file protein_9.cif (mmCIF, C-alpha atoms)
data_model
loop_
_atom_site.label_atom_id
_atom_site.label_comp_id
_atom_site.auth_asym_id
_atom_site.auth_seq_id
_atom_site.Cartn_x
_atom_site.Cartn_y
_atom_site.Cartn_z
CA MET T 118 0.00 0.00 0.00
CA LYS T 119 1.31 3.43 -1.02
CA ASP T 120 3.02 5.52 1.67
CA CYS T 121 1.60 8.87 0.53
CA LEU T 122 3.10 11.15 3.16
CA GLY T 123 6.46 9.40 3.13
CA GLU T 124 6.77 9.68 -0.65
CA MET T 125 5.72 13.33 -0.50
CA GLN T 126 8.43 14.08 2.07
CA ARG T 127 11.10 12.25 0.09
CA SER T 128 10.32 14.13 -3.14
CA VAL T 129 9.57 17.60 -1.69
CA ARG T 130 13.02 19.04 -2.45
CA GLU T 131 12.63 18.21 -6.15
CA MET T 132 9.28 20.00 -6.44
CA SER T 133 8.59 23.40 -7.98
CA GLY T 134 7.73 26.44 -5.85
CA ASN T 135 3.97 25.79 -5.78
CA GLY T 136 4.47 22.06 -5.37
CA ARG T 137 6.81 22.68 -2.44
CA LYS T 138 4.27 24.97 -0.80
CA LEU T 139 1.49 22.41 -1.15
CA ALA T 140 3.67 19.57 0.11
CA ASP T 141 4.86 21.56 3.13
CA PHE T 142 1.30 22.53 4.02
CA ILE T 143 -0.03 18.97 3.71
CA LEU T 144 2.87 17.46 5.65
CA ASN T 145 2.37 19.98 8.46
CA ASN T 146 -1.45 19.83 8.44
CA ALA T 147 -2.26 16.33 7.18
CA SER T 148 -5.05 15.78 9.71
CA LEU T 149 -6.87 18.90 8.46
CA LEU T 150 -6.85 17.90 4.79
CA ARG T 151 -10.04 15.83 4.99
CA ASP T 152 -12.03 19.03 5.63
CA TYR T 153 -10.46 21.00 2.74
CA SER T 154 -11.83 21.17 -0.77
CA SER T 155 -9.32 21.75 -3.57
CA GLN T 156 -10.37 25.41 -3.68
CA GLN T 157 -10.00 25.83 0.09
CA LEU T 158 -6.55 24.20 -0.01
CA ALA T 159 -5.53 26.49 -2.88
CA GLU T 160 -6.66 29.57 -0.96
CA ALA T 161 -4.94 28.44 2.24
CA VAL T 162 -1.64 27.87 0.45
CA GLY T 163 -1.88 30.82 -1.93
CA VAL T 164 -1.86 28.95 -5.24
CA SER T 165 -4.41 28.31 -7.98
CA GLN T 166 -6.90 25.46 -7.87
CA SER T 167 -5.32 24.01 -11.02
CA SER T 168 -1.98 23.85 -9.16
CA VAL T 169 -3.63 21.59 -6.56
CA VAL T 170 -4.91 19.27 -9.31
CA LYS T 171 -1.54 19.17 -11.09
CA PHE T 172 0.23 18.53 -7.79
CA SER T 173 -2.06 15.57 -7.09
CA GLN T 174 -1.48 14.12 -10.57
CA LYS T 175 2.31 14.51 -10.33
CA LEU T 176 2.18 12.36 -7.20
CA GLY T 177 0.41 9.65 -9.21
CA TYR T 178 -3.23 10.29 -8.28
CA ARG T 179 -6.11 10.92 -10.67
CA GLY T 180 -6.98 14.12 -8.85
CA TYR T 181 -7.21 15.86 -5.51
CA PRO T 182 -10.00 13.62 -4.07
CA ASP T 183 -7.77 10.57 -4.52
CA LEU T 184 -4.84 12.36 -2.90
CA LYS T 185 -7.00 13.41 0.05
CA LEU T 186 -8.24 9.84 0.49
CA ALA T 187 -4.67 8.50 0.37
CA VAL T 188 -3.54 10.97 3.04
CA SER T 189 -6.49 10.02 5.23
CA GLU T 190 -5.72 6.31 4.84
CA ASP T 191 -2.05 6.97 5.57
CA LEU T 192 -2.93 8.71 8.81
CA GLY T 193 -5.27 5.88 9.72
CA ARG T 194 -2.37 3.44 9.36
CA GLY T 195 -0.15 5.67 11.48
CA GLY T 196 1.75 6.93 8.44
CA THR T 197 4.86 9.05 8.62
CA THR T 198 4.34 12.73 9.42
CA GLN T 199 6.80 15.56 8.84
CA SER T 200 7.65 15.77 12.53
CA ASP T 201 8.57 12.07 12.46
CA LEU T 202 10.85 12.65 9.48
CA VAL T 203 12.41 15.76 10.98
CA GLN T 204 13.29 13.81 14.12
CA ALA T 205 14.65 10.94 12.07
CA GLY T 206 16.79 13.38 10.09
CA ALA T 207 18.21 14.79 13.30
CA ARG T 208 19.26 11.30 14.35
CA THR T 209 20.80 10.29 11.02
CA THR T 210 22.45 13.50 9.83
CA PRO T 211 26.20 12.84 9.80
CA ALA T 212 28.49 15.15 11.73
CA MET T 213 30.34 17.70 9.61
CA GLY T 214 33.93 18.79 9.92
CA GLY T 215 33.25 21.75 12.17
CA VAL T 216 30.99 24.60 13.16
CA PHE T 217 31.78 26.69 10.07
CA GLU T 218 30.82 23.82 7.76
CA ASP T 219 27.63 23.20 9.74
CA ILE T 220 26.59 26.85 9.57
CA ALA T 221 27.46 27.11 5.88
CA ARG T 222 25.31 24.06 5.13
CA MET T 223 22.46 25.45 7.20
CA LYS T 224 22.60 28.82 5.42
CA ARG T 225 22.64 27.18 1.99
CA ASP T 226 19.53 25.23 2.89
CA ILE T 227 17.81 28.35 4.21
CA LEU T 228 18.59 30.42 1.11
CA ASN T 229 17.40 27.65 -1.21
CA THR T 230 14.19 27.26 0.78
CA ILE T 231 13.49 31.02 0.82
CA ALA T 232 13.80 31.10 -2.98
CA GLU T 233 11.36 28.20 -3.30
CA LEU T 234 8.76 29.58 -0.87
CA ASN T 235 8.62 33.14 -2.22
CA GLN T 236 7.43 33.77 -5.75
CA GLU T 237 9.34 36.49 -7.60
CA GLU T 238 6.05 38.14 -8.59
CA VAL T 239 5.10 38.59 -4.92
CA LEU T 240 8.55 39.95 -4.08
CA LEU T 241 8.20 42.52 -6.87
CA ASP T 242 4.72 43.44 -5.65
CA VAL T 243 6.17 44.11 -2.19
CA VAL T 244 8.90 46.28 -3.71
CA ARG T 245 6.31 48.25 -5.70
CA VAL T 246 4.20 48.81 -2.58
CA LEU T 247 7.24 50.00 -0.61
CA GLU T 248 8.23 52.32 -3.46
CA GLU T 249 4.79 53.93 -3.60
CA ALA T 250 4.19 54.10 0.17
CA HIS T 251 3.75 57.50 1.79
CA ARG T 252 4.95 56.10 5.10
CA ILE T 253 6.23 52.70 6.17
CA GLN T 254 6.16 51.18 9.64
CA PHE T 255 8.11 48.03 10.57
CA VAL T 256 7.02 45.92 13.55
CA ALA T 257 8.64 42.79 14.95
CA ALA T 258 9.41 41.14 18.26
CA GLY T 259 12.78 40.52 19.89
CA GLY T 260 15.98 40.48 17.87
CA TYR T 261 14.14 40.63 14.56
CA SER T 262 13.35 44.29 15.25
CA LEU T 263 17.09 45.04 15.05
CA LEU T 264 17.25 43.73 11.49
CA LEU T 265 14.26 45.86 10.54
CA LYS T 266 15.83 48.90 12.21
CA ASP T 267 18.88 48.57 9.97
CA PHE T 268 16.63 48.18 6.91
CA SER T 269 14.64 51.27 7.94
CA LEU T 270 17.82 53.36 8.13
CA LYS T 271 18.78 52.33 4.60
CA LEU T 272 15.31 53.25 3.33
CA MET T 273 15.41 56.60 5.10
CA ILE T 274 18.72 57.38 3.40
CA MET T 275 16.97 56.54 0.13
CA GLY T 276 14.31 59.14 0.86
CA LYS T 277 11.52 57.04 2.37
CA SER T 278 9.58 57.94 5.52
CA VAL T 279 10.07 54.89 7.75
CA ILE T 280 9.26 54.10 11.40
CA ALA T 281 10.85 51.13 13.17
CA GLU T 282 10.15 51.30 16.90
CA SER T 283 10.43 48.23 19.13
CA ASP T 284 8.28 49.72 21.91
CA LEU T 285 4.66 48.57 21.69
CA PHE T 286 3.25 51.89 22.91
CA LEU T 287 5.17 53.80 20.22
CA GLN T 288 4.11 51.28 17.59
CA LYS T 289 0.44 51.82 18.46
CA ALA T 290 0.87 55.61 18.63
CA ASN T 291 2.50 55.74 15.20
CA LEU T 292 -0.08 53.42 13.71
CA ALA T 293 -2.92 55.69 14.90
CA SER T 294 -1.85 58.36 12.39
CA MET T 295 -1.36 56.01 9.43
CA LYS T 296 -3.90 55.79 6.61
CA ARG T 297 -4.52 54.51 3.10
CA GLY T 298 -1.34 54.76 1.06
CA ASP T 299 0.82 53.81 4.04
CA VAL T 300 2.38 50.37 4.62
CA LEU T 301 2.85 48.17 7.70
CA LEU T 302 5.46 45.41 7.36
CA ALA T 303 5.01 42.97 10.24
CA VAL T 304 7.36 40.12 11.17
CA SER T 305 6.34 37.22 13.40
CA VAL T 306 8.00 33.88 12.75
CA SER T 307 5.02 31.90 14.03
CA GLY T 308 2.53 34.44 12.70
CA GLN T 309 0.72 34.20 16.03
CA ASN T 310 2.29 36.94 18.14
CA SER T 311 -0.88 38.54 19.53
CA GLN T 312 0.55 42.07 19.75
CA ILE T 313 1.80 42.06 16.17
CA VAL T 314 -1.40 40.47 14.87
CA ASP T 315 -3.43 43.18 16.67
CA LEU T 316 -1.31 45.90 15.04
CA ALA T 317 -1.81 44.30 11.62
CA GLU T 318 -5.57 44.04 12.08
CA THR T 319 -5.78 47.67 13.25
CA ALA T 320 -3.74 48.76 10.21
CA LYS T 321 -5.96 46.76 7.88
CA GLU T 322 -9.09 48.42 9.27
CA ALA T 323 -7.50 51.85 8.63
CA GLY T 324 -6.84 51.00 4.98
CA VAL T 325 -3.10 50.56 5.48
CA THR T 326 -1.46 47.94 3.24
CA VAL T 327 -0.17 45.06 5.38
CA ILE T 328 2.85 42.95 4.42
CA SER T 329 3.52 39.89 6.59
CA VAL T 330 6.72 37.90 7.03
CA THR T 331 6.10 34.56 8.75
CA GLU T 332 6.99 30.89 8.58
CA TYR T 333 5.26 29.18 5.68
CA ASP T 334 1.94 28.08 7.15
CA VAL T 335 -1.61 29.31 7.58
CA ASN T 336 -1.52 31.70 10.53
CA PRO T 337 -3.41 34.78 11.77
CA LEU T 338 -0.82 37.29 10.53
CA SER T 339 -0.48 35.96 6.97
CA LEU T 340 -4.27 35.65 6.68
CA CYS T 341 -4.60 39.31 7.64
CA ALA T 342 -1.96 40.52 5.17
CA ASP T 343 -2.40 41.93 1.67
CA LEU T 344 0.99 40.48 0.67
CA SER T 345 2.86 37.66 2.39
CA LEU T 346 6.52 36.68 2.38
CA PHE T 347 7.65 33.45 3.99
CA LEU T 348 10.53 32.21 6.12
CA CYS T 349 11.58 28.57 6.22
CA SER T 350 10.54 26.27 9.03
CA GLU T 351 12.82 26.74 12.03
CA GLU T 352 11.98 23.21 13.20
CA ALA T 353 13.35 21.69 10.00
CA VAL T 354 16.55 23.73 10.17
CA ALA T 355 17.02 23.00 13.87
CA SER T 356 16.95 19.30 13.07
CA GLN T 357 20.29 19.70 11.31
CA ILE T 358 22.16 21.63 14.02
CA GLU T 359 21.10 21.81 17.65
CA HIS T 360 19.97 25.07 19.24
CA VAL T 361 19.86 27.21 16.08
CA PRO T 362 16.20 28.24 15.54
CA HIS T 363 16.88 31.91 16.24
CA ILE T 364 19.97 31.89 14.05
CA ALA T 365 17.93 30.36 11.26
CA GLY T 366 15.20 32.97 11.62
CA ARG T 367 17.66 35.85 11.46
CA VAL T 368 19.43 34.41 8.42
CA ALA T 369 16.11 33.94 6.63
CA LEU T 370 14.79 37.42 7.45
CA GLN T 371 18.10 39.07 6.51
CA HIS T 372 17.99 37.28 3.15
CA ILE T 373 14.51 38.61 2.43
CA ILE T 374 15.53 42.13 3.52
CA ASP T 375 18.63 41.99 1.29
CA ALA T 376 16.51 40.95 -1.69
CA LEU T 377 14.04 43.80 -1.12
CA PHE T 378 16.84 46.32 -0.65
CA LEU T 379 18.65 45.19 -3.80
CA LEU T 380 15.48 45.36 -5.90
CA LEU T 381 14.55 48.79 -4.54
CA SER T 382 17.98 50.27 -5.20
CA ASN T 383 18.22 48.74 -8.68
CA ARG T 384 14.74 49.83 -9.77
CA ASN T 385 14.87 53.43 -8.56
CA ALA T 386 17.80 55.53 -9.83
CA HIS T 387 17.02 58.46 -7.51
CA MET T 388 16.97 56.25 -4.42
CA ARG T 389 20.24 54.65 -5.52
CA GLU T 390 21.87 58.06 -5.96
CA LEU T 391 20.81 59.13 -2.47
CA LEU T 392 22.34 55.97 -1.04
CA ILE T 393 25.62 56.52 -2.91
CA ASP T 394 25.77 60.17 -1.78
CA SER T 395 25.25 59.08 1.83
CA ARG T 396 28.07 56.54 1.64
CA ARG T 397 30.40 59.16 0.20
CA ALA T 398 29.49 61.65 2.93
CA SER T 399 30.23 59.06 5.61
CA GLY T 400 33.60 58.17 4.08
CA HIS T 401 32.63 54.66 2.90
CA SER T 402 32.88 55.23 -0.85
#
call {"tool": "encode", "arguments": {"input": "protein_9.cif", "output": "structure tokens"}}
result
Amino acid sequence: MKDCLGEMQRSVREMSGNGRKLADFILNNASLLRDYSSQQLAEAVGVSQSSVVKFSQKLGYRGYPDLKLAVSEDLGRGGTTQSDLVQAGARTTPAMGGVFEDIARMKRDILNTIAELNQEEVLLDVVRVLEEAHRIQFVAAGGYSLLLKDFSLKLMIMGKSVIAESDLFLQKANLASMKRGDVLLAVSVSGQNSQIVDLAETAKEAGVTVISVTEYDVNPLSLCADLSLFLCSEEAVASQIEHVPHIAGRVALQHIIDALFLLLSNRNAHMRELLIDSRRASGHS
């Protein structure tokens, strides 16, 4: 009898961007699949309904109903879940030559995963929204706010009006004056930080465009957002090297920030000139 979830996990790295998204969602939420129609699954993952059908057929099923039945039967037999495979990977991953090799391997995996999870069209949409924004506010918890602070300084040098406060009171105060045409970029790895989700929902009600950055999954923050960018699963990365979830999250977020910054500076000559002038004035030319 076919091991549906096991085969999906083994082939996930060879899948296209949409296929990878669907596989990751199903592997992480297999027990929920029985209640999802193909359209509901497509909406939850952020792909077209035809992508769900094609994904099912590529796995050897006639269509989505057969795939859903196979997943249900697999679960009934106690089939392999992603958490099982992650734990198995942690036990069988061979030791590398040293910490630098381990970190290099981890970063390569993160960068490859980020490229697979984020469609270029969405990245360009985010860049366009940031370009056209009257004001931009960044919100995040913990150490991630430091990465956004650095990004905000670069954007301010390029002529954008940007706010990046880590204090919740200041975040709420600044948000109270934002309106349509402004942008809130909110980072929560889990997508379930209640304070950040509340800020995003308040911004949405005021007509502010919301951009979320979360792990790839259905979560309150990404569901609230107009545009969503995704980080890789910290659990999967942590299975390779112990005690690195926060390192993985920072590497992933920095990679997304670098991509946005590069696209913004390359697309807008005036912003690029301001950045060059600033570097010359500070003696870094």
call {"tool": "resolve_selection", "arguments": {"input": "protein_9.cif", "expression": "the PyMOL selection byres ((chain T and resi 293) around 12)", "output": "PyMOL selection string"}}
result
chain T and resi 254+286-292+294-297+299+301+316-317+319-325
call {"tool": "closest_atom_pairs", "arguments": {"input": "protein_9.cif", "of": "range 213-303 of chain T", "to": "range 308-315 of chain T", "cutoff": "10 Å", "atoms": "all atoms listed in the file", "output": "CSV"}}
result
residue,atom,partner,partner_atom,distance
T:Val256,CA,T:Ile313,CA,7.0
T:Ala257,CA,T:Ile313,CA,7.0
T:Ala258,CA,T:Ile313,CA,7.9
T:Leu285,CA,T:Gln312,CA,7.9
T:Gln288,CA,T:Ile313,CA,9.6
T:Lys289,CA,T:Asp315,CA,9.6
T:Ala303,CA,T:Ile313,CA,6.8
call {"tool": "atom_distance", "arguments": {"input": "protein_9.cif", "atom1": "CA of Asp183 in chain T", "atom2": "CA of Val335 in chain T"}}
result
23.1 Å
call {"tool": "resolve_selection", "arguments": {"input": "protein_9.cif", "expression": "the PyMOL selection byres ((chain T and resi 273) around 12)", "output": "PyMOL selection string"}}
result
chain T and resi 247-248+252-254+266-272+274-281+378+388-389+391-392+395
call {"tool": "residues_around", "arguments": {"input": "protein_9.cif", "residues": "Met132 in chain T", "least_positions_apart": "2", "cutoff": "12 Å", "atoms": "all atoms listed in the file", "output": "mmCIF file with C-alpha atoms, in the coordinates of the input"}}
result
data_model
loop_
_atom_site.group_PDB
_atom_site.id
_atom_site.type_symbol
_atom_site.label_atom_id
_atom_site.label_comp_id
_atom_site.auth_asym_id
_atom_site.auth_seq_id
_atom_site.Cartn_x
_atom_site.Cartn_y
_atom_site.Cartn_z
ATOM 1 C CA MET T 125 5.720 13.330 -0.500
ATOM 2 C CA GLN T 126 8.430 14.080 2.070
ATOM 3 C CA ARG T 127 11.100 12.250 0.090
ATOM 4 C CA SER T 128 10.320 14.130 -3.140
ATOM 5 C CA VAL T 129 9.570 17.600 -1.690
ATOM 6 C CA ARG T 130 13.020 19.040 -2.450
ATOM 7 C CA GLY T 134 7.730 26.440 -5.850
ATOM 8 C CA ASN T 135 3.970 25.790 -5.780
ATOM 9 C CA GLY T 136 4.470 22.060 -5.370
ATOM 10 C CA ARG T 137 6.810 22.680 -2.440
ATOM 11 C CA LYS T 138 4.270 24.970 -0.800
ATOM 12 C CA LEU T 139 1.490 22.410 -1.150
ATOM 13 C CA ALA T 140 3.670 19.570 0.110
ATOM 14 C CA ASP T 141 4.860 21.560 3.130
ATOM 15 C CA LYS T 171 -1.540 19.170 -11.090
ATOM 16 C CA PHE T 172 0.230 18.530 -7.790
ATOM 17 C CA LYS T 175 2.310 14.510 -10.330
ATOM 18 C CA LEU T 176 2.180 12.360 -7.200
ATOM 19 C CA THR T 230 14.190 27.260 0.780
ATOM 20 C CA GLU T 233 11.360 28.200 -3.300
ATOM 21 C CA LEU T 234 8.760 29.580 -0.870
#
call {"tool": "residues_around", "arguments": {"input": "protein_9.cif", "residues": "Ala159 in chain T", "least_positions_apart": "6", "cutoff": "7 Å", "atoms": "all atoms listed in the file", "output": "ChimeraX atom specification"}}
result
/T:165-166,169
